[in-house]
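Trainee: Provided below: input-v4.pdb, containing PDB, C-alpha atoms and all ligand atoms.
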```pdb
ATOM      1  CA  MET A   9      -7.219 -25.885 -12.847
ATOM      2  CA  GLN A  10      -6.710 -24.329  -9.395
ATOM      3  CA  ILE A  11      -9.149 -21.440  -9.010
ATOM      4  CA  LEU A  12      -8.374 -18.599  -6.600
ATOM      5  CA  GLU A  13     -10.978 -16.406  -4.932
ATOM      6  CA  LYS A  14      -9.204 -13.305  -6.180
ATOM      7  CA  GLY A  15      -6.190 -12.238  -8.182
ATOM      8  CA  LEU A  16      -2.870 -11.978  -6.383
ATOM      9  CA  LEU A  17       0.207  -9.861  -6.852
ATOM     10  CA  ILE A  18       3.510 -11.404  -5.799
ATOM     11  CA  ALA A  19       6.518  -9.067  -5.906
ATOM     12  CA  PHE A  20      10.049 -10.431  -5.915
ATOM     13  CA  GLU A  21      12.479  -8.051  -4.243
ATOM     14  CA  GLY A  22      16.154  -7.964  -3.325
ATOM     15  CA  ILE A  23      19.470  -6.417  -4.300
ATOM     16  CA  ASP A  24      20.971  -6.998  -7.747
ATOM     17  CA  GLY A  25      22.408 -10.486  -8.069
ATOM     18  CA  SER A  26      20.015 -11.968  -5.523
ATOM     19  CA  GLY A  27      18.439 -14.179  -8.198
ATOM     20  CA  LEU A  28      15.139 -12.365  -8.703
ATOM     21  CA  THR A  29      14.786 -13.183 -12.399
ATOM     22  CA  THR A  30      15.824 -16.821 -11.938
ATOM     23  CA  HIS A  31      13.416 -17.448  -9.068
ATOM     24  CA  SER A  32      10.425 -15.415 -10.226
ATOM     25  CA  LYS A  33      10.466 -17.242 -13.576
ATOM     26  CA  LEU A  34      10.853 -20.625 -11.855
ATOM     27  CA  LEU A  35       7.936 -19.921  -9.523
ATOM     28  CA  ASN A  36       5.759 -18.963 -12.484
ATOM     29  CA  GLU A  37       6.650 -22.209 -14.312
ATOM     30  CA  LYS A  38       5.979 -24.308 -11.219
ATOM     31  CA  LEU A  39       2.626 -22.661 -10.456
ATOM     32  CA  ASN A  40       1.549 -23.104 -14.073
ATOM     33  CA  LYS A  41       2.476 -26.779 -13.906
ATOM     34  CA  LEU A  42       0.394 -27.117 -10.743
ATOM     35  CA  GLY A  43      -2.604 -25.721 -12.638
ATOM     36  CA  TYR A  44      -2.646 -22.129 -11.354
ATOM     37  CA  LYS A  45      -3.308 -19.238 -13.740
ATOM     38  CA  SER A  46      -0.106 -17.247 -13.264
ATOM     39  CA  ILE A  47       1.954 -14.842 -15.279
ATOM     40  CA  TYR A  48       5.548 -13.551 -15.078
ATOM     41  CA  THR A  49       6.328  -9.899 -15.656
ATOM     42  CA  LYS A  50       9.154  -7.529 -14.721
ATOM     43  CA  GLU A  51      10.233  -3.981 -14.005
ATOM     44  CA  PRO A  52      11.715  -2.031 -15.623
ATOM     45  CA  THR A  53       9.317  -3.160 -18.343
ATOM     46  CA  ASN A  54       9.800  -3.445 -22.070
ATOM     47  CA  ASN A  55       7.368  -0.668 -22.874
ATOM     48  CA  GLU A  56       8.588   2.777 -24.042
ATOM     49  CA  ILE A  57       9.354   4.114 -20.565
ATOM     50  CA  GLY A  58      10.967   0.882 -19.379
ATOM     51  CA  ILE A  59      13.235   0.706 -22.424
ATOM     52  CA  LEU A  60      14.341   4.292 -21.826
ATOM     53  CA  ILE A  61      15.139   3.402 -18.195
ATOM     54  CA  GLN A  62      17.148   0.331 -19.228
ATOM     55  CA  LYS A  63      19.242   2.543 -21.533
ATOM     56  CA  ILE A  64      19.790   5.205 -18.868
ATOM     57  CA  ILE A  65      20.851   2.838 -16.077
ATOM     58  CA  LEU A  66      23.467   1.150 -18.267
ATOM     59  CA  ASP A  67      25.066   4.460 -19.262
ATOM     60  CA  LYS A  68      27.677   5.293 -16.630
ATOM     61  CA  ASN A  69      28.599   8.584 -18.379
ATOM     62  CA  LYS A  70      25.080   9.978 -18.194
ATOM     63  CA  LYS A  71      24.880  10.661 -14.412
ATOM     64  CA  LEU A  72      21.186  11.583 -14.472
ATOM     65  CA  ASP A  73      19.648  13.168 -11.373
ATOM     66  CA  ASN A  74      18.278  10.579  -8.931
ATOM     67  CA  ASN A  75      14.854  12.271  -8.796
ATOM     68  CA  ILE A  76      14.424  12.005 -12.567
ATOM     69  CA  ILE A  77      15.253   8.290 -12.371
ATOM     70  CA  ALA A  78      12.732   7.874  -9.517
ATOM     71  CA  LEU A  79      10.001   9.549 -11.579
ATOM     72  CA  LEU A  80      10.719   7.389 -14.624
ATOM     73  CA  PHE A  81      10.500   4.152 -12.605
ATOM     74  CA  ALA A  82       7.214   5.300 -11.027
ATOM     75  CA  ALA A  83       5.790   6.214 -14.459
ATOM     76  CA  ASP A  84       6.888   2.850 -15.875
ATOM     77  CA  ARG A  85       5.086   1.131 -12.987
ATOM     78  CA  LEU A  86       1.802   2.941 -13.519
ATOM     79  CA  TYR A  87       1.994   2.087 -17.224
ATOM     80  CA  HIS A  88       2.772  -1.521 -16.231
ATOM     81  CA  LEU A  89      -0.311  -1.671 -14.002
ATOM     82  CA  MET A  90      -2.636  -0.045 -16.521
ATOM     83  CA  TYR A  91      -1.365  -1.071 -19.976
ATOM     84  CA  GLY A  92       1.219  -3.824 -19.543
ATOM     85  CA  ASP A  93       4.904  -4.591 -19.893
ATOM     86  CA  GLY A  94       5.181  -4.447 -23.673
ATOM     87  CA  ALA A  95       4.180  -8.097 -24.144
ATOM     88  CA  ASN A  96       1.310  -8.751 -21.731
ATOM     89  CA  GLU A  97      -1.782  -6.858 -20.580
ATOM     90  CA  GLY A  98      -1.637  -4.606 -17.526
ATOM     91  CA  ILE A  99      -1.224  -6.119 -14.064
ATOM     92  CA  LEU A 100      -4.647  -4.808 -13.010
ATOM     93  CA  SER A 101      -6.315  -6.612 -15.886
ATOM     94  CA  TYR A 102      -4.783  -9.970 -14.849
ATOM     95  CA  ILE A 103      -5.687  -9.389 -11.211
ATOM     96  CA  SER A 104      -9.298  -8.750 -12.209
ATOM     97  CA  LYS A 105      -9.249 -12.149 -13.992
ATOM     98  CA  ASN A 106      -8.030 -13.875 -10.795
ATOM     99  CA  TYR A 107      -4.514 -14.514 -12.076
ATOM    100  CA  ILE A 108      -1.428 -14.742  -9.898
ATOM    101  CA  VAL A 109       0.837 -11.984 -11.204
ATOM    102  CA  ILE A 110       4.515 -12.499 -10.396
ATOM    103  CA  SER A 111       6.460  -9.295 -10.777
ATOM    104  CA  ASP A 112      10.262  -9.398 -10.867
ATOM    105  CA  ARG A 113      10.638  -6.112  -8.921
ATOM    106  CA  TYR A 114       7.845  -3.656  -8.085
ATOM    107  CA  LYS A 115       7.394  -0.410  -6.174
ATOM    108  CA  TYR A 116       9.489  -1.613  -3.226
ATOM    109  CA  SER A 117      12.548  -1.438  -5.522
ATOM    110  CA  ASN A 118      11.697   2.219  -6.158
ATOM    111  CA  MET A 119      11.720   2.778  -2.391
ATOM    112  CA  ALA A 120      14.956   0.863  -1.851
ATOM    113  CA  TYR A 121      16.956   2.216  -4.804
ATOM    114  CA  GLN A 122      15.650   5.801  -5.045
ATOM    115  CA  GLY A 123      14.393   6.138  -1.468
ATOM    116  CA  ASP A 124      16.478   9.058  -0.156
ATOM    117  CA  ASP A 125      13.075  10.582   0.623
ATOM    118  CA  ILE A 126      10.796   7.604   1.230
ATOM    119  CA  ASN A 127       7.657   9.768   1.673
ATOM    120  CA  TRP A 128       8.117  11.298  -1.757
ATOM    121  CA  ILE A 129       8.622   7.865  -3.368
ATOM    122  CA  SER A 130       5.478   6.629  -1.594
ATOM    123  CA  GLN A 131       3.569   9.603  -3.012
ATOM    124  CA  LEU A 132       4.852   8.856  -6.524
ATOM    125  CA  ASN A 133       3.504   5.335  -6.122
ATOM    126  CA  LYS A 134       0.171   6.278  -4.563
ATOM    127  CA  PHE A 135      -1.736   4.752  -7.501
ATOM    128  CA  ALA A 136       0.271   1.514  -7.404
ATOM    129  CA  ILE A 137      -1.641  -1.155  -5.464
ATOM    130  CA  GLU A 138       0.154  -2.896  -2.618
ATOM    131  CA  ALA A 139       1.447  -6.379  -3.437
ATOM    132  CA  ASP A 140      -0.270  -9.251  -1.589
ATOM    133  CA  ILE A 141       3.028 -11.032  -1.048
ATOM    134  CA  ILE A 142       6.665  -9.940  -1.188
ATOM    135  CA  ILE A 143       9.292 -12.614  -1.648
ATOM    136  CA  TYR A 144      12.519 -11.018  -0.460
ATOM    137  CA  LEU A 145      15.648 -12.883  -1.520
ATOM    138  CA  ASP A 146      18.229 -12.289   1.173
ATOM    139  CA  VAL A 147      21.778 -12.703  -0.044
ATOM    140  CA  PRO A 148      25.053 -11.436   1.458
ATOM    141  CA  LEU A 149      26.554  -8.502  -0.409
ATOM    142  CA  ASP A 150      29.748 -10.379  -1.313
ATOM    143  CA  VAL A 151      27.763 -13.242  -2.910
ATOM    144  CA  ALA A 152      25.666 -10.780  -4.942
ATOM    145  CA  LEU A 153      28.786  -8.898  -6.051
ATOM    146  CA  LYS A 154      30.472 -12.147  -7.107
ATOM    147  CA  ARG A 155      27.439 -13.028  -9.278
ATOM    148  CA  ILE A 156      27.293  -9.498 -10.745
ATOM    149  CA  SER A 157      31.009  -9.604 -11.621
ATOM    150  CA  MET A 158      30.289 -12.515 -13.978
ATOM    151  CA  ARG A 159      27.995 -10.365 -16.152
ATOM    152  CA  SER A 160      28.945  -8.619 -19.365
ATOM    153  CA  SER A 161      27.091  -5.368 -18.562
ATOM    154  CA  VAL A 162      26.860  -3.670 -15.190
ATOM    155  CA  SER A 163      24.372  -0.887 -14.308
ATOM    156  CA  ILE A 164      24.942   2.365 -12.415
ATOM    157  CA  PHE A 165      23.482   0.705  -9.306
ATOM    158  CA  GLU A 166      25.699  -2.374  -9.246
ATOM    159  CA  ASN A 167      28.488  -1.336  -6.903
ATOM    160  CA  LYS A 168      29.278  -2.270  -3.323
ATOM    161  CA  ILE A 169      28.621   1.072  -1.601
ATOM    162  CA  PHE A 170      25.264   1.646  -3.268
ATOM    163  CA  LEU A 171      23.990  -1.930  -2.875
ATOM    164  CA  GLU A 172      24.933  -1.914   0.807
ATOM    165  CA  LYS A 173      22.708   1.155   1.252
ATOM    166  CA  VAL A 174      19.900  -0.514  -0.729
ATOM    167  CA  LYS A 175      20.156  -3.697   1.353
ATOM    168  CA  ASN A 176      19.856  -1.703   4.591
ATOM    169  CA  ARG A 177      16.887   0.240   3.261
ATOM    170  CA  TYR A 178      15.013  -2.977   2.455
ATOM    171  CA  ASN A 179      14.757  -3.764   6.187
ATOM    172  CA  ASP A 180      12.598  -0.680   6.806
ATOM    173  CA  ILE A 181      10.653  -1.108   3.576
ATOM    174  CA  LEU A 182       9.680  -4.715   4.376
ATOM    175  CA  ARG A 183       8.617  -3.707   7.877
ATOM    176  CA  LEU A 184       6.449  -0.904   6.488
ATOM    177  CA  ALA A 185       4.912  -3.170   3.824
ATOM    178  CA  ASN A 186       4.106  -5.754   6.474
ATOM    179  CA  LYS A 187       2.423  -3.040   8.546
ATOM    180  CA  ASN A 188       0.332  -2.216   5.468
ATOM    181  CA  GLY A 189      -0.930  -5.808   5.284
ATOM    182  CA  VAL A 190       1.569  -7.294   2.824
ATOM    183  CA  LYS A 191       2.657 -10.859   3.579
ATOM    184  CA  VAL A 192       6.457 -10.732   3.594
ATOM    185  CA  VAL A 193       8.445 -13.937   2.994
ATOM    186  CA  VAL A 194      12.198 -13.663   3.527
ATOM    187  CA  ILE A 195      14.246 -16.389   1.845
ATOM    188  CA  ASN A 196      17.784 -16.744   3.174
ATOM    189  CA  GLU A 197      20.028 -17.955   0.354
ATOM    190  CA  ILE A 198      22.707 -19.109   2.782
ATOM    191  CA  ALA A 199      22.297 -22.447   4.620
ATOM    192  CA  ASP A 200      23.111 -22.946   8.328
ATOM    193  CA  ASN A 201      26.568 -24.300   7.542
ATOM    194  CA  ASN A 202      27.359 -21.060   5.610
ATOM    195  CA  ARG A 203      26.943 -22.774   2.264
ATOM    196  CA  GLU A 204      25.252 -20.966  -0.650
ATOM    197  CA  LYS A 205      21.967 -22.822  -1.295
ATOM    198  CA  SER A 206      21.491 -24.209  -4.801
ATOM    199  CA  ILE A 207      18.968 -22.717  -7.221
ATOM    200  CA  ASP A 208      16.764 -25.820  -6.738
ATOM    201  CA  GLU A 209      16.816 -25.559  -2.956
ATOM    202  CA  VAL A 210      15.882 -21.863  -2.962
ATOM    203  CA  SER A 211      13.213 -22.407  -5.589
ATOM    204  CA  GLU A 212      11.581 -25.263  -3.637
ATOM    205  CA  GLU A 213      11.598 -23.153  -0.461
ATOM    206  CA  ILE A 214       9.835 -20.330  -2.299
ATOM    207  CA  LEU A 215       7.231 -22.710  -3.772
ATOM    208  CA  LYS A 216       6.541 -24.297  -0.376
ATOM    209  CA  ASN A 217       5.917 -20.878   1.195
ATOM    210  CA  ILE A 218       3.644 -19.768  -1.630
ATOM    211  CA  ILE A 219       1.582 -22.972  -1.673
ATOM    212  CA  ASN A 220       1.053 -22.562   2.044
ATOM    213  CA  ILE A 221      -0.195 -19.009   1.606
ATOM    214  CA  LEU A 222      -2.369 -19.908  -1.416
ATOM    215  CA  ARG A 223      -4.398 -22.358   0.675
ATOM    216  CA  ASN A 224      -6.214 -19.336   2.129
ATOM    217  CA  PHE A 225      -7.042 -17.939  -1.287
ATOM    218  CA  LYS A 226      -8.665 -21.021  -2.858
ATOM    219  CA  LYS A 227     -12.362 -21.181  -3.765
TER     220      LYS A 227
HETATM  221  N1  LIG A 301      20.848 -20.104  -5.292
HETATM  222  C1  LIG A 301      20.841 -19.279  -6.341
HETATM  223  N2  LIG A 301      19.739 -18.589  -6.622
HETATM  224  C2  LIG A 301      19.701 -17.743  -7.686
HETATM  225  N3  LIG A 301      20.700 -17.508  -8.525
HETATM  226  C3  LIG A 301      21.837 -18.197  -8.291
HETATM  227  C4  LIG A 301      21.953 -19.088  -7.191
HETATM  228  N4  LIG A 301      23.174 -19.596  -7.218
HETATM  229  C5  LIG A 301      23.777 -19.045  -8.291
HETATM  230  N5  LIG A 301      22.980 -18.198  -8.941
HETATM  231  C6  LIG A 301      23.309 -17.428 -10.156
HETATM  232  O1  LIG A 301      23.213 -16.043  -9.859
HETATM  233  C7  LIG A 301      22.726 -15.312 -10.970
HETATM  234  C8  LIG A 301      21.481 -14.564 -10.559
HETATM  235  O2  LIG A 301      20.963 -13.946 -11.690
HETATM  236  P1  LIG A 301      19.515 -13.316 -11.806
HETATM  237  O3  LIG A 301      19.490 -12.599 -13.123
HETATM  238  O4  LIG A 301      18.471 -14.315 -11.511
HETATM  239  O5  LIG A 301      19.575 -12.266 -10.612
HETATM  240  P2  LIG A 301      18.780 -10.937 -10.407
HETATM  241  O6  LIG A 301      18.576 -10.768  -8.962
HETATM  242  O7  LIG A 301      17.575 -10.894 -11.297
HETATM  243  O8  LIG A 301      19.802  -9.866 -10.841
HETATM  244  P3  LIG A 301      19.562  -8.404 -11.401
HETATM  245  O9  LIG A 301      18.416  -7.794 -10.654
HETATM  246  O10 LIG A 301      20.856  -7.726 -11.141
HETATM  247  O11 LIG A 301      19.289  -8.609 -12.865
HETATM  248  C9  LIG A 301      22.476 -16.325 -12.079
HETATM  249  O12 LIG A 301      23.600 -16.398 -12.917
HETATM  250  C10 LIG A 301      22.323 -17.631 -11.311
HETATM  251  O13 LIG A 301      22.665 -18.749 -12.079
HETATM  252  C1  LIG A 302      11.782  -1.407 -10.459
HETATM  253  C2  LIG A 302      13.012  -0.656 -10.092
HETATM  254  C3  LIG A 302      14.256  -1.169 -10.363
HETATM  255  N1  LIG A 302      15.359  -0.481 -10.013
HETATM  256  C4  LIG A 302      16.696  -1.038 -10.315
HETATM  257  C5  LIG A 302      17.004  -2.364  -9.713
HETATM  258  C6  LIG A 302      18.017  -2.954 -10.660
HETATM  259  O1  LIG A 302      19.292  -2.459 -10.294
HETATM  260  C7  LIG A 302      17.631  -2.338 -11.992
HETATM  261  C8  LIG A 302      16.877  -3.274 -12.857
HETATM  262  O2  LIG A 302      17.717  -4.265 -13.252
HETATM  263  P1  LIG A 302      17.207  -5.774 -13.507
HETATM  264  O3  LIG A 302      18.446  -6.495 -13.896
HETATM  265  O4  LIG A 302      16.235  -5.667 -14.639
HETATM  266  O5  LIG A 302      16.575  -6.242 -12.228
HETATM  267  O6  LIG A 302      16.800  -1.230 -11.691
HETATM  268  C9  LIG A 302      15.266   0.761  -9.436
HETATM  269  O7  LIG A 302      16.292   1.402  -9.166
HETATM  270  N2  LIG A 302      14.041   1.272  -9.157
HETATM  271  C10 LIG A 302      12.903   0.619  -9.457
HETATM  272  O8  LIG A 302      11.779   1.131  -9.192
END
```
Output the structure of this file as structure tokens.
Mentor:
Amino acid sequence: MQILEKGLLIAFEGIDGSGLTTHSKLLNEKLNKLGYKSIYTKEPTNNEIGILIQKIILDKNKKLDNNIIALLFAADRLYHLMYGDGANEGILSYISKNYIVISDRYKYSNMAYQGDDINWISQLNKFAIEADIIIYLDVPLDVALKRISMRSSVSIFENKIFLEKVKNRYNDILRLANKNGVKVVVINEIADNNREKSIDEVSEEILKNIINILRNFKK
């Protein structure tokens, strides 16, 4: 068993179709195999608020006000931190037991997707601890859109104009997080020769970066 000095929160961030679910789950499996106490969780969660959000964002006829959506995501997050995702205990509980918590999206998604007024979104998230590490999966818009087009259901956010705005916003959000002490790891999913990296290649790159960072957290 690999024991860490303290719990750690790793947030996976990126636009839809960047592979967040694939890579956050893979990292969790790999860290577990290496003997670390880690857990995978995601937002929106599968608790009452998260389920309501999932329903709302798939309903293109609903057209709910952006501020209401922002509030729901922030409420889901606080619930996630305090009480859990519907299957596991709250993030804060795992952190206090020195686990590595891997969250497939966290408050930085709130800032990127609902961040017309970034100060207000920051206020909504004032009780949400900062992540220790952000893994940002950087993928060109056209690659993300191609992956999204292969899905059976598409959310209100999954369109070119909106995702372009979200992608641009992430630049400022990552800079701000870094200023606040968060270790930001950007993974480029495109190789030098313009080829899309395979899932294995991206996953190994993520693991290598994390293992490097974890060296400083070991007992
Ligand atoms: N190098 C790669 N990394 C990740 N996913 C890839 C890669 N190449 C192809 N894919 C495919 O892209 C899709 C990404 O799906 P995934 O659900 O992981 O993305 P996501 O970012 O969580 O999306 P969303 O947030 O919209 O649910 C999968 O079908 C996966 O097989
Ligand atoms: C946490 C969070 C998420 N979102 C968006 C990002 C995605 O478009 C969806 C979630 O879909 P996934 O397939 O489950 O990743 O929700 C958001 O707008 N605001 C947030 O705070």
Trainee: Env of A:Ser104: 10 Å cut, atoms = only C-alpha atoms, seq-sep filter 6 positions within chain, self excluded. Answer as a VMD selection string.
Mentor: chain A and resid 14 to 16
Trainee: Save the residues we just selected, C-alpha atoms, as a PDB file, in the frame of the given file?
Mentor:
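Saved as part.pdb:
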```
ATOM      1  CA  LYS A  14      -9.204 -13.305  -6.180  1.00  0.00           C
ATOM      2  CA  GLY A  15      -6.190 -12.238  -8.182  1.00  0.00           C
ATOM      3  CA  LEU A  16      -2.870 -11.978  -6.383  1.00  0.00           C
TER       4      LEU A  16
END
```
Trainee: Give me, as a tab-separated table, each residue of chain A that comes within 6 Å of ligand LIG 301 (chain A), together with its shortest interatomic pair and the distance in Å at one decimal, counting all atoms listed in the file, with rows ordered by chain and rising residue number.
Mentor:
```
residue	atom	partner	partner_atom	distance
A:Asp24	CA	A:LIG301	O10	3.5
A:Gly25	CA	A:LIG301	O8	3.9
A:Ser26	CA	A:LIG301	O6	3.9
A:Gly27	CA	A:LIG301	O5	3.3
A:Leu28	CA	A:LIG301	O6	3.8
A:Thr29	CA	A:LIG301	O7	3.8
A:Thr30	CA	A:LIG301	O4	3.7
A:Arg155	CA	A:LIG301	O1	5.2
A:Lys205	CA	A:LIG301	N1	5.0
A:Ser206	CA	A:LIG301	N1	4.2
A:Ile207	CA	A:LIG301	N1	3.8
A:Val210	CA	A:LIG301	N1	5.8
```
Trainee: Residues of the last selection are to be written out with C-alpha atoms, as a PDB file, in the frame of the given file.
Mentor:
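Full text of part_22.pdb as output:
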```pdb
ATOM      1  CA  ASP A  24      20.971  -6.998  -7.747  1.00  0.00           C
ATOM      2  CA  GLY A  25      22.408 -10.486  -8.069  1.00  0.00           C
ATOM      3  CA  SER A  26      20.015 -11.968  -5.523  1.00  0.00           C
ATOM      4  CA  GLY A  27      18.439 -14.179  -8.198  1.00  0.00           C
ATOM      5  CA  LEU A  28      15.139 -12.365  -8.703  1.00  0.00           C
ATOM      6  CA  THR A  29      14.786 -13.183 -12.399  1.00  0.00           C
ATOM      7  CA  THR A  30      15.824 -16.821 -11.938  1.00  0.00           C
ATOM      8  CA  ARG A 155      27.439 -13.028  -9.278  1.00  0.00           C
ATOM      9  CA  LYS A 205      21.967 -22.822  -1.295  1.00  0.00           C
ATOM     10  CA  SER A 206      21.491 -24.209  -4.801  1.00  0.00           C
ATOM     11  CA  ILE A 207      18.968 -22.717  -7.221  1.00  0.00           C
ATOM     12  CA  VAL A 210      15.882 -21.863  -2.962  1.00  0.00           C
TER      13      VAL A 210
END
```
Trainee: Pick out the residues no farther than 8 Å from ligand LIG 302 (chain A), counting only C-alpha atoms and all ligand atoms, and list them as a list in words.
Mentor: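 Residues satisfying the distance criterion: Ile23, Asp24, Leu28, Thr29, Lys50, Glu51, Pro52, Gln62, Ile65, Ile77, Ala78, Phe81, Ala82, Arg85, Asp112, Arg113, Tyr114, Lys115, Tyr116, Ser117, Asn118, Met119, Ala120, Tyr121, Gln122, Ser163, Ile164, Phe165 and Glu166 of chain A.
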Trainee: Kindly provide, as AutoDock Vina command-line options, the centre and edge lengths (Å, one decimal) of an axis-aligned box around all atoms of stretch 73-82 of chain A given in the file, with 5 Å on each side.
Mentor:
```
--center_x 13.4 --center_y 8.7 --center_z -11.7 --size_x 22.4 --size_y 19.0 --size_z 15.8
```
Trainee: Here is a test: counting only C-alpha atoms, which residue of A:Glu204, A:Asp180, A:Glu13, A:Asp124 is nearest to A:Asn106?
Mentor: A:Glu13
Trainee: Just so the selection is clear, what residues does the PyMOL selection byres (((chain A and resi 136-146) around 7) and not hetatm) cover here, as a list in words?
Mentor: Leu16, Leu17, Ile18, Ala19, Phe20, Glu21, Gly22, Ser26, Leu86, Asn133, Lys134, Phe135, Val147, Pro148, Val190, Lys191, Val192, Val193, Val194, Ile195, Asn196 and Glu197 of chain A
Trainee: Given only C-alpha atoms as the basis, pick out the residue of A:Leu35, A:Leu72, A:Leu184, A:Leu79 nearest to A:Lys216.
Mentor: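 Residue with the minimum atom-to-atom distance to A:Lys216: A:Leu35.
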Trainee: Go ahead and compute the interatomic distance for atom CA of A:Phe170 and atom CA of A:Ser130, in Å to one decimal.
Mentor: 20.5 Å
Trainee: So how many Å separate atom CA of A:Glu37 and atom CA of A:Glu213, to one decimal?
Mentor: 14.7 Å
Trainee: Expanded to explicit residues, what is the PyMOL selection byres (((chain A and resi 47) around 10) and not hetatm) for this file, as a short mmCIF file (atom, residue, chain, number, x, y, z; two decimals) with C-alpha atoms, in the frame of the given file?
Mentor:
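Once everything was written out, this is out_37.cif:
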```cif
data_model
loop_
_atom_site.label_atom_id
_atom_site.label_comp_id
_atom_site.auth_asym_id
_atom_site.auth_seq_id
_atom_site.Cartn_x
_atom_site.Cartn_y
_atom_site.Cartn_z
CA LEU A 17 0.21 -9.86 -6.85
CA SER A 32 10.42 -15.42 -10.23
CA LYS A 33 10.47 -17.24 -13.58
CA LEU A 35 7.94 -19.92 -9.52
CA ASN A 36 5.76 -18.96 -12.48
CA GLU A 37 6.65 -22.21 -14.31
CA LEU A 39 2.63 -22.66 -10.46
CA ASN A 40 1.55 -23.10 -14.07
CA TYR A 44 -2.65 -22.13 -11.35
CA LYS A 45 -3.31 -19.24 -13.74
CA SER A 46 -0.11 -17.25 -13.26
CA TYR A 48 5.55 -13.55 -15.08
CA THR A 49 6.33 -9.90 -15.66
CA ASN A 96 1.31 -8.75 -21.73
CA ILE A 99 -1.22 -6.12 -14.06
CA TYR A 102 -4.78 -9.97 -14.85
CA TYR A 107 -4.51 -14.51 -12.08
CA ILE A 108 -1.43 -14.74 -9.90
CA VAL A 109 0.84 -11.98 -11.20
CA ILE A 110 4.51 -12.50 -10.40
CA SER A 111 6.46 -9.30 -10.78
#
```
Trainee: Smallest atom-to-atom distance to A:Gly98: which of A:Leu80, A:Asn55, A:Ile61, A:Ile169, using only C-alpha atoms?
Mentor: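 The closest residue to A:Gly98 is A:Asn55.
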Trainee: Find the distance between atom CA of A:Ile181 and atom CA of A:Met158 and write it in Å to one decimal.
Mentor: 28.7 Å
Trainee: Given the choices A:Lys41, A:Ser161, A:Ile11, A:Ser101, which gets closest to A:Lys63 if the distance is worked out from all atoms listed in the file?
Mentor: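 With all atoms listed in the file as the atom set, the closest residue is A:Ser161.
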Trainee: Measuring atom to atom with only C-alpha atoms, identify which of A:Asn202, A:Thr53, A:Asn224, A:Asn74 is nearest to A:Val151.
Mentor: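 Closest to A:Val151 of all the choices is A:Asn202.
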Trainee: Nearest to A:Asn54 among A:Ile76, A:Gln131, A:Gly94, A:Lys173, with distances taken over all atoms listed in the file: which residue is it?
Mentor: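 Nearest to A:Asn54: A:Gly94.
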